[in-house]
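query.json follows; it contains JSON, C-alpha atoms.
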[["chain", "number", "residue", "atom", "x", "y", "z"],
["A", 2, "MET", "CA", 2.31, 15.03, -39.29],
["A", 3, "LEU", "CA", -1.28, 14.06, -38.59],
["A", 4, "CYS", "CA", -2.60, 10.89, -40.28],
["A", 5, "SER", "CA", -6.39, 10.51, -40.27],
["A", 6, "ASN", "CA", -6.63, 6.84, -41.14],
["A", 7, "ALA", "CA", -9.46, 5.22, -39.14],
["A", 8, "GLY", "CA", -12.21, 3.71, -41.26],
["A", 9, "VAL", "CA", -15.00, 1.15, -41.11],
["A", 10, "GLY", "CA", -17.35, -0.38, -43.64],
["A", 11, "ALA", "CA", -20.84, -1.30, -42.45],
["A", 12, "ASP", "CA", -22.36, -4.53, -43.70],
["A", 13, "SER", "CA", -25.90, -3.47, -44.59],
["A", 14, "GLY", "CA", -26.74, -6.74, -46.28],
["A", 15, "THR", "CA", -28.55, -6.33, -49.60],
["A", 16, "LYS", "CA", -30.34, -3.11, -48.63],
["A", 17, "ALA", "CA", -30.64, -0.28, -51.11],
["A", 18, "ILE", "CA", -29.06, 2.99, -49.98],
["A", 19, "TRP", "CA", -32.42, 4.47, -48.94],
["A", 20, "GLU", "CA", -33.20, 1.36, -46.89],
["A", 21, "VAL", "CA", -30.06, 1.53, -44.74],
["A", 22, "GLY", "CA", -30.94, 2.14, -41.10],
["A", 23, "LYS", "CA", -29.87, 5.05, -38.92],
["A", 24, "LYS", "CA", -27.53, 2.87, -36.86],
["A", 25, "ASP", "CA", -25.48, 1.97, -39.92],
["A", 26, "TRP", "CA", -25.31, 5.60, -40.99],
["A", 27, "ASP", "CA", -24.38, 6.78, -37.48],
["A", 28, "TRP", "CA", -21.56, 4.23, -37.22],
["A", 29, "VAL", "CA", -20.01, 4.75, -40.65],
["A", 30, "MET", "CA", -20.33, 8.54, -40.71],
["A", 31, "GLY", "CA", -19.29, 8.75, -37.06],
["A", 32, "VAL", "CA", -15.99, 6.96, -37.65],
["A", 33, "ASN", "CA", -15.14, 7.78, -41.26],
["A", 34, "TYR", "CA", -16.27, 11.41, -41.44],
["A", 35, "GLN", "CA", -16.74, 12.74, -37.91],
["A", 36, "GLY", "CA", -13.48, 11.06, -36.86],
["A", 37, "VAL", "CA", -11.55, 13.09, -39.42],
["A", 38, "LEU", "CA", -13.48, 16.27, -38.63],
["A", 39, "HIS", "CA", -12.82, 15.99, -34.89],
["A", 40, "GLY", "CA", -9.15, 15.31, -35.58],
["A", 41, "PHE", "CA", -8.89, 18.44, -37.72],
["A", 42, "ARG", "CA", -10.68, 20.57, -35.15],
["A", 43, "THR", "CA", -8.41, 19.28, -32.39],
["A", 44, "PHE", "CA", -5.00, 19.46, -34.06],
["A", 45, "ILE", "CA", -5.12, 22.14, -36.77],
["A", 46, "PRO", "CA", -5.40, 25.13, -34.39],
["A", 47, "HIS", "CA", -2.22, 23.98, -32.60],
["A", 48, "MET", "CA", -0.38, 23.28, -35.85],
["A", 49, "VAL", "CA", -1.26, 26.73, -37.21],
["A", 50, "GLU", "CA", -0.38, 28.47, -33.95],
["A", 51, "HIS", "CA", 3.03, 26.79, -33.65],
["A", 52, "ARG", "CA", 3.92, 27.89, -37.22],
["A", 53, "GLU", "CA", 6.22, 24.91, -37.65],
["A", 54, "GLU", "CA", 6.18, 23.02, -40.93],
["A", 55, "SER", "CA", 3.59, 20.25, -40.62],
["A", 56, "HIS", "CA", 1.35, 18.05, -42.72],
["A", 57, "LEU", "CA", -2.16, 16.57, -42.75],
["A", 58, "MET", "CA", -2.56, 13.21, -44.51],
["A", 59, "THR", "CA", -6.13, 11.96, -44.82],
["A", 60, "THR", "CA", -6.91, 8.43, -45.97],
["A", 61, "VAL", "CA", -9.88, 8.85, -48.27],
["A", 62, "SER", "CA", -10.35, 6.03, -50.81],
["A", 63, "LEU", "CA", -11.11, 5.56, -54.46],
["A", 64, "ALA", "CA", -14.64, 5.13, -53.09],
["A", 65, "GLY", "CA", -14.50, 8.88, -52.46],
["A", 66, "LEU", "CA", -13.98, 9.51, -56.18],
["A", 67, "LEU", "CA", -16.12, 6.80, -57.78],
["A", 68, "PRO", "CA", -19.88, 6.12, -57.47],
["A", 69, "ARG", "CA", -21.84, 3.06, -56.31],
["A", 70, "SER", "CA", -20.12, 2.52, -52.97],
["A", 71, "GLY", "CA", -22.97, 2.52, -50.41],
["A", 72, "THR", "CA", -22.59, 4.11, -46.99],
["A", 73, "TYR", "CA", -18.82, 3.75, -47.15],
["A", 74, "GLY", "CA", -18.65, 5.67, -50.42],
["A", 75, "VAL", "CA", -20.91, 8.43, -49.12],
["A", 76, "SER", "CA", -18.66, 8.86, -46.08],
["A", 77, "LYS", "CA", -15.52, 8.94, -48.20],
["A", 78, "HIS", "CA", -16.95, 11.51, -50.61],
["A", 79, "ALA", "CA", -17.60, 13.65, -47.53],
["A", 80, "VAL", "CA", -14.04, 13.13, -46.31],
["A", 81, "MET", "CA", -12.65, 14.20, -49.68],
["A", 82, "ALA", "CA", -14.76, 17.37, -49.67],
["A", 83, "LEU", "CA", -13.64, 18.09, -46.10],
["A", 84, "THR", "CA", -9.97, 17.57, -46.92],
["A", 85, "GLU", "CA", -10.17, 19.83, -49.99],
["A", 86, "ALA", "CA", -11.89, 22.53, -47.93],
["A", 87, "VAL", "CA", -9.24, 22.31, -45.22],
["A", 88, "ARG", "CA", -6.46, 22.66, -47.78],
["A", 89, "ASN", "CA", -8.07, 25.75, -49.29],
["A", 90, "ASP", "CA", -8.60, 27.36, -45.89],
["A", 91, "LEU", "CA", -5.00, 26.70, -44.82],
["A", 92, "LEU", "CA", -3.69, 28.19, -48.07],
["A", 93, "ALA", "CA", -5.91, 31.25, -47.67],
["A", 94, "ARG", "CA", -4.49, 31.85, -44.20],
["A", 95, "GLY", "CA", -0.87, 31.32, -45.22],
["A", 96, "ALA", "CA", -0.51, 28.48, -42.72],
["A", 97, "ASN", "CA", 2.66, 26.39, -42.78],
["A", 98, "VAL", "CA", 0.57, 23.23, -43.02],
["A", 99, "SER", "CA", 0.42, 21.13, -46.18],
["A", 100, "VAL", "CA", -2.30, 18.60, -46.97],
["A", 101, "SER", "CA", -2.71, 15.42, -48.98],
["A", 102, "ALA", "CA", -5.58, 13.01, -49.68],
["A", 103, "LEU", "CA", -4.72, 9.34, -50.09],
["A", 104, "CYS", "CA", -7.13, 7.48, -52.40],
["A", 105, "PRO", "CA", -6.16, 3.81, -52.57],
["A", 106, "GLY", "CA", -8.01, 0.92, -54.15],
["A", 107, "PHE", "CA", -7.80, -2.52, -52.56],
["A", 108, "VAL", "CA", -5.19, -2.79, -49.80],
["A", 109, "ASP", "CA", -4.48, -5.87, -47.68],
["A", 110, "THR", "CA", -5.95, -4.54, -44.42],
["A", 111, "ASN", "CA", -8.58, -5.78, -41.97],
["A", 112, "ILE", "CA", -11.26, -3.27, -42.91],
["A", 113, "ASP", "CA", -13.35, -6.23, -44.08],
["A", 114, "ARG", "CA", -13.51, -7.28, -40.42],
["A", 115, "SER", "CA", -14.50, -3.87, -39.08],
["A", 116, "GLU", "CA", -17.91, -5.22, -37.97],
["A", 117, "ARG", "CA", -16.13, -6.83, -35.03],
["A", 118, "ASN", "CA", -15.55, -3.33, -33.64],
["A", 119, "ARG", "CA", -19.10, -2.02, -34.06],
["A", 120, "PRO", "CA", -20.52, -0.83, -30.71],
["A", 121, "SER", "CA", -23.42, -2.96, -29.53],
["A", 122, "TYR", "CA", -25.75, 0.06, -29.30],
["A", 123, "LEU", "CA", -25.28, 0.62, -33.04],
["A", 124, "ALA", "CA", -25.86, -3.02, -34.06],
["A", 125, "ASP", "CA", -28.69, -3.81, -36.48],
["A", 126, "PRO", "CA", -30.41, -7.05, -35.41],
["A", 127, "GLU", "CA", -32.01, -7.40, -38.87],
["A", 128, "VAL", "CA", -28.66, -7.90, -40.62],
["A", 129, "SER", "CA", -26.62, -11.09, -40.38],
["A", 130, "LEU", "CA", -23.05, -9.86, -40.14],
["A", 131, "ASP", "CA", -19.88, -11.53, -41.36],
["A", 132, "LYS", "CA", -17.17, -10.84, -38.77],
["A", 133, "THR", "CA", -14.80, -13.53, -40.06],
["A", 134, "GLY", "CA", -13.26, -11.73, -43.00],
["A", 135, "ASN", "CA", -14.17, -14.54, -45.44],
["A", 136, "SER", "CA", -16.37, -12.53, -47.83],
["A", 137, "PRO", "CA", -15.64, -11.97, -51.57],
["A", 138, "VAL", "CA", -14.44, -8.49, -50.67],
["A", 139, "SER", "CA", -11.97, -10.06, -48.23],
["A", 140, "GLN", "CA", -10.48, -12.12, -51.05],
["A", 141, "LEU", "CA", -10.03, -8.98, -53.14],
["A", 142, "LEU", "CA", -8.35, -7.18, -50.25],
["A", 143, "ARG", "CA", -5.90, -10.06, -49.77],
["A", 144, "ARG", "CA", -4.89, -9.60, -53.43],
["A", 145, "GLY", "CA", -4.40, -5.86, -52.95],
["A", 146, "LYS", "CA", -1.27, -3.86, -52.31],
["A", 147, "GLN", "CA", 0.54, -4.18, -49.00],
["A", 148, "PRO", "CA", 0.22, -1.33, -46.47],
["A", 149, "SER", "CA", 4.00, -0.93, -46.45],
["A", 150, "GLU", "CA", 3.98, -0.28, -50.19],
["A", 151, "ILE", "CA", 1.24, 2.32, -49.78],
["A", 152, "ALA", "CA", 3.26, 3.97, -46.99],
["A", 153, "ASP", "CA", 6.32, 4.32, -49.25],
["A", 154, "ILE", "CA", 4.15, 5.88, -51.98],
["A", 155, "VAL", "CA", 2.60, 8.30, -49.47],
["A", 156, "PHE", "CA", 5.93, 9.56, -48.12],
["A", 157, "GLU", "CA", 7.30, 10.14, -51.62],
["A", 158, "ALA", "CA", 4.12, 11.98, -52.64],
["A", 159, "ILE", "CA", 4.29, 14.22, -49.58],
["A", 160, "LYS", "CA", 7.91, 15.10, -50.39],
["A", 161, "GLU", "CA", 6.82, 16.07, -53.90],
["A", 162, "GLY", "CA", 3.89, 18.16, -52.65],
["A", 163, "ILE", "CA", 1.21, 15.98, -54.27],
["A", 164, "PHE", "CA", -2.32, 16.47, -52.96],
["A", 165, "TYR", "CA", -4.24, 13.64, -54.66],
["A", 166, "ILE", "CA", -2.26, 10.47, -53.92],
["A", 167, "LEU", "CA", -3.45, 7.68, -56.24],
["A", 168, "PRO", "CA", -1.34, 4.56, -55.59],
["A", 169, "HIS", "CA", -3.37, 2.24, -57.87],
["A", 170, "PRO", "CA", -2.77, 3.16, -61.56],
["A", 171, "ALA", "CA", -4.96, 0.22, -62.62],
["A", 172, "TRP", "CA", -8.01, 2.34, -61.72],
["A", 173, "ASP", "CA", -6.96, 5.45, -63.67],
["A", 174, "ASP", "CA", -9.12, 4.66, -66.68],
["A", 175, "MET", "CA", -12.23, 4.44, -64.47],
["A", 176, "LEU", "CA", -11.46, 7.83, -62.95],
["A", 177, "HIS", "CA", -10.91, 9.27, -66.41],
["A", 178, "ASP", "CA", -14.23, 7.84, -67.64],
["A", 179, "ARG", "CA", -16.11, 9.26, -64.65],
["A", 180, "PHE", "CA", -14.93, 12.83, -65.08],
["A", 181, "GLU", "CA", -15.22, 12.70, -68.86],
["A", 182, "GLN", "CA", -18.85, 11.67, -68.36],
["A", 183, "MET", "CA", -19.44, 14.65, -66.07],
["A", 184, "LEU", "CA", -17.95, 17.10, -68.55],
["A", 185, "SER", "CA", -19.90, 15.61, -71.45],
["A", 186, "ARG", "CA", -23.17, 16.81, -69.88],
["A", 187, "GLU", "CA", -24.86, 13.75, -71.35],
["A", 188, "PRO", "CA", -27.23, 11.24, -69.70],
["A", 189, "LEU", "CA", -25.50, 8.55, -67.70],
["A", 190, "PRO", "CA", -25.27, 5.32, -69.70],
["A", 191, "THR", "CA", -26.33, 2.02, -68.19],
["A", 192, "PRO", "CA", -23.06, 0.17, -67.49],
["A", 193, "SER", "CA", -22.73, -3.30, -68.94],
["A", 194, "PRO", "CA", -22.03, -6.26, -66.63],
["A", 195, "ASP", "CA", -18.62, -6.60, -68.28],
["A", 196, "LYS", "CA", -17.70, -3.02, -67.45],
["A", 197, "MET", "CA", -18.88, -3.38, -63.86],
["A", 198, "ALA", "CA", -16.83, -6.56, -63.54],
["A", 199, "ARG", "CA", -13.65, -4.66, -64.43],
["A", 200, "ILE", "CA", -13.66, -3.25, -60.92],
["A", 201, "PHE", "CA", -13.05, -6.70, -59.49],
["A", 202, "MET", "CA", -10.92, -8.33, -62.17],
["A", 203, "PRO", "CA", -7.10, -8.36, -62.26],
["A", 204, "ARG", "CA", -5.36, -6.64, -65.12],
["A", 205, "ASP", "CA", -3.38, -8.62, -67.66],
["A", 206, "ASP", "CA", -0.20, -6.85, -66.62],
["A", 207, "GLY", "CA", -0.53, -8.15, -63.05],
["A", 208, "GLU", "CA", -1.16, -4.73, -61.53],
["A", 209, "SER", "CA", -2.60, -5.29, -58.07],
["A", 210, "TYR", "CA", -5.68, -3.47, -56.85]]

This entry written out as structure tokens:
Amino acid sequence: MLCSNAGVGADSGTKAIWEVGKKDWDWVMGVNYQGVLHGFRTFIPHMVEHREESHLMTTVSLAGLLPRSGTYGVSKHAVMALTEAVRNDLLARGANVSVSALCPGFVDTNIDRSERNRPSYLADPEVSLDKTGNSPVSQLLRRGKQPSEIADIVFEAIKEGIFYILPHPAWDDMLHDRFEQMLSREPLPTPSPDKMARIFMPRDDGESY
């Protein structure tokens, strides 16, 4: 079983997506996308050749299914497309390798402190970085699910042959709304502040993000 789980989130300050510098893009895409791609290119040929039952589990994110996620979201959309393409190619070749894409919401990890691992040659001197993990996003992560709970969900999903692993049911309505909007072929509405705030508010039933 190969788990492609490395991920970072660049702090680009308040820049719009078209204002983000090359160093931010190189770092985020290098780790989040190229890291997965290089892992696939390294391990899949051996897994296919050995013909033993094996599995690829890629940690994508709900940011790979929902919009408005900056450089991180762009990288995760790319990872989702890559993982789907790999699954299709393995099926077409009759390989004994199954695939799944994990798309969690908020999980209590240290990804909010990933700036501490940014190489110095990719640092942006124009951005004041928070390496402490005390941002509003950090507070949301601390309220998220525990990694151990996500791991249990992942193993059960793999046993059941599930490709899209969605461990946060509290976000299902947002996913439903997004794809319904696509299929409606209508202009995108301007979201209200209340609807945007739903992303960061706890549900009444206590479901963690």

Of the listed residues A:Trp28, A:Phe180, A:Tyr165, A:Phe41, that which approaches A:Val98 most closely, counting only C-alpha atoms: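 Distance minimum relative to A:Val98 lands on A:Phe41.
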
Can you tell me, as an MDAnalysis selection string, what residues are no more than 8 Å from stretch 67-81 of chain A when counting all atoms listed in the file, ignoring any on the same chain fewer than 3 positions away? chainID A and resid 9:11 18 25:26 29:30 33:34 37 61:64 84:85 102 176 179

Between A:His169, A:His51, A:Arg88, A:Arg114, smallest distance to A:Gly8 by all atoms listed in the file belongs to A:Arg114

Selected residue, from A:Val21, A:Ile151, A:Leu167, A:Val49, that lies nearest to A:Gly95 when counting only C-alpha atoms: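 Closest candidate: A:Val49.
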
Using only C-alpha atoms, determine which residues lie at most 10 Å from A:Met58, disregarding the query and same-chain residues fewer than 6 positions distant; provide the list as a ChimeraX atom specification. /A:2-6,84,99-103,155-156,159,164,166

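Across A:Asp174, A:Glu116, A:Leu91, A:Leu142, the tightest approach to A:Glu50 is made by A:Leu91 when counting only C-alpha atoms.
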
Tell me which of A:Met183, A:Cys104, A:Leu123, A:Ile45 sits closest to A:Gly65, counting all atoms listed in the file.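 Counting all atoms listed in the file, the residue closest to A:Gly65 is A:Cys104.
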